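Peer 1: Encoded as structure tokens, here's the structure I'll be asking about.
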Amino acid sequence: MESISGNDAKNHPNVQESESNSGKADYDVVGIGSPLLDFTIEVDKAVLDEIGLKRGQMHLVDENRSMQILQRLNGYPMKTTPGGSSANTLAGIANFGGRCILFGKVGNDTHGELYIRENEKAGVRTRLNKHEAMTGHAITLITPDSERTFATHLGAAIHFVKEDVFEDDIKGSKILHIEGYLLELPEVREAVVHAMRIAKENNVIISIDLGDASLVDRIKDVFNSIVDEFADIVFVNEDEAKAFTGVEEKEALDMIYSMCDIAVVKLGADGSMIKRDNKIYNISANRVGVVNTNGAGDMYAAGILYGVANDLPIDRAGRIASYASSLVVSQVSARLNNKVNIDQIE
């Protein structure tokens, strides 16, 4: 990736400079995401094969395809919960006692009302405008190996535009967090870049979670440009790191760090690596029985962002992130229902 620049060439404020906003902030984090209801269903791998979904991947589907899949799964026990990567991360921050607010677009339907109500109940304020398209949803299929496979219909989420960005809320936040899925569609990307420019001009820290390796493969040049120009914090897992940089985890961490101030590579059961101030922190994973990996990365990001917003040492934030994500993987839901007392985390 020849366009990756060195640290001395960064053209965005570093995290230390951005923290000058923290004393006047109304929110720890403002997140922009695709508001999706999660329809979580446990299935055998044979069902995935029959439906034609590749295990462990996120598949974008249209409304008709989504309805076909749901019809095939009629009769399976299904759990309906609010989801979406950024929204899950904000819910995690609220679990820690943080203050956060979500931008996005929902349908003018009962699912949209449910989504708003459940997020507010979880402690996440919402700035979700409505559209005539249906509220988006993710059919989340969990196989016996605890792997999750998504059939996602974005619905109203793809109609997010500049008018859905609330400038004062960004100015009143310490961190702006973006999920990578938003950067694929040009119209949505334009609105998200608009939000990032507001953040950058007001010394608000910008965090980006690349989201999915296949997404990175599709729009690598877009990610390369946006990360280099805007990102202060970048989250990837090992597959996304390889897709983005072409190299393995440790070298990928260094390459991503050359573009931002805090680089995070999540390694699943092997923990995670964080690089900040030219130092690498190896964070151990908390060993638990794995039920479902859905939401683990989002909760991990919540721990890091809560720590940064509250000026915690980055290794301390990493331990909080690791502990909280272990709670998520030990249950079916992608979110925690209860508050997390970080004082009890070693």
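A note on labels: chains of the structure tokens are A, B, ... as shown, every chain counts residues from 1, and ligands are counted from 1 in their shown order.
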Got a sec: who's within 12 Å of Val288 of chain A, counting only C-alpha atoms, leaving out chain neighbours fewer than 6 positions off, as number ranges by chain?

Peer 2: A: 268-269, 322-331

Peer 1: Using only C-alpha atoms, determine which residues lie at most 8 Å from segment 182-199 of chain A, disregarding the query and same-chain residues fewer than 4 positions distant; provide the list as a list in words.

Peer 2: Ile32, Gly33, Ser34, Ile158, His159, Phe160, Val161, Lys162, Asp164, Val165, Glu167, Ile170, Lys171, Leu176, Ile178, Asn203, Val204, Ile205, Ile206, Leu215, Ile219, Val222, Phe223 and Phe230 of chain A

Peer 1: If we count only C-alpha atoms and set the cut-off at 7 Å, which residues sit around Gly31 of chain A, ignoring sequence neighbours fewer than 3 positions away in its own chain? Please answer as a PyMOL selection string.

Peer 2: chain A and resi 86+90+101-103+176-178

Peer 1: Might you pull out every residue within 9 Å of segment 47-57 of chain A, with only C-alpha atoms counted and same-chain residues fewer than 2 positions away left off, and present them as an NGL selection string?

Peer 2: :A and (43-45 or 59 or 69 or 72-73 or 141 or 143 or 147-151 or 212-214)

Peer 1: Between atom CA of Ala302 of chain A and atom CA of Asn286 of chain A, what is the spacing in Å?

Peer 2: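 Spanning atom CA of Asn286 of chain A to atom CA of Ala302 of chain A is a straight-line distance of 16.1 Å.
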
Peer 1: Contacts of Asp232 of chain A at 6 Å or less, counting only C-alpha atoms, minus same-chain residues fewer than 5 places along, as an MDAnalysis selection string?

Peer 2: chainID A and resid 206:207 260:261

Peer 1: Kindly save the residues from that selection, with all heavy atoms included, as a compact mmCIF listing (two decimals), in the first residue's frame.

Peer 2:
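The resulting again-v3.txt:
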```
# COMPACT_ATOMS: atom_id res chain seq x y z
N ILE A 206 -11.75 11.19 15.93
CA ILE A 206 -12.49 10.40 14.94
C ILE A 206 -12.04 8.95 15.00
O ILE A 206 -10.85 8.65 14.85
CB ILE A 206 -12.29 10.97 13.53
CG1 ILE A 206 -12.80 12.42 13.46
CG2 ILE A 206 -13.01 10.09 12.50
CD1 ILE A 206 -12.49 13.12 12.15
N SER A 207 -13.00 8.07 15.21
CA SER A 207 -12.75 6.62 15.32
C SER A 207 -13.47 5.91 14.18
O SER A 207 -14.63 6.21 13.89
CB SER A 207 -13.27 6.12 16.67
OG SER A 207 -13.39 4.71 16.69
N CYS A 260 -2.64 6.87 11.90
CA CYS A 260 -3.52 7.34 12.96
C CYS A 260 -2.75 7.41 14.27
O CYS A 260 -1.54 7.18 14.31
CB CYS A 260 -4.74 6.42 13.09
SG CYS A 260 -4.34 4.72 13.56
N ASP A 261 -3.45 7.71 15.37
CA ASP A 261 -2.81 7.84 16.67
C ASP A 261 -2.98 6.60 17.55
O ASP A 261 -2.15 6.35 18.41
CB ASP A 261 -3.40 9.05 17.41
CG ASP A 261 -3.07 10.35 16.69
OD1 ASP A 261 -1.88 10.61 16.46
OD2 ASP A 261 -4.01 11.09 16.34
```
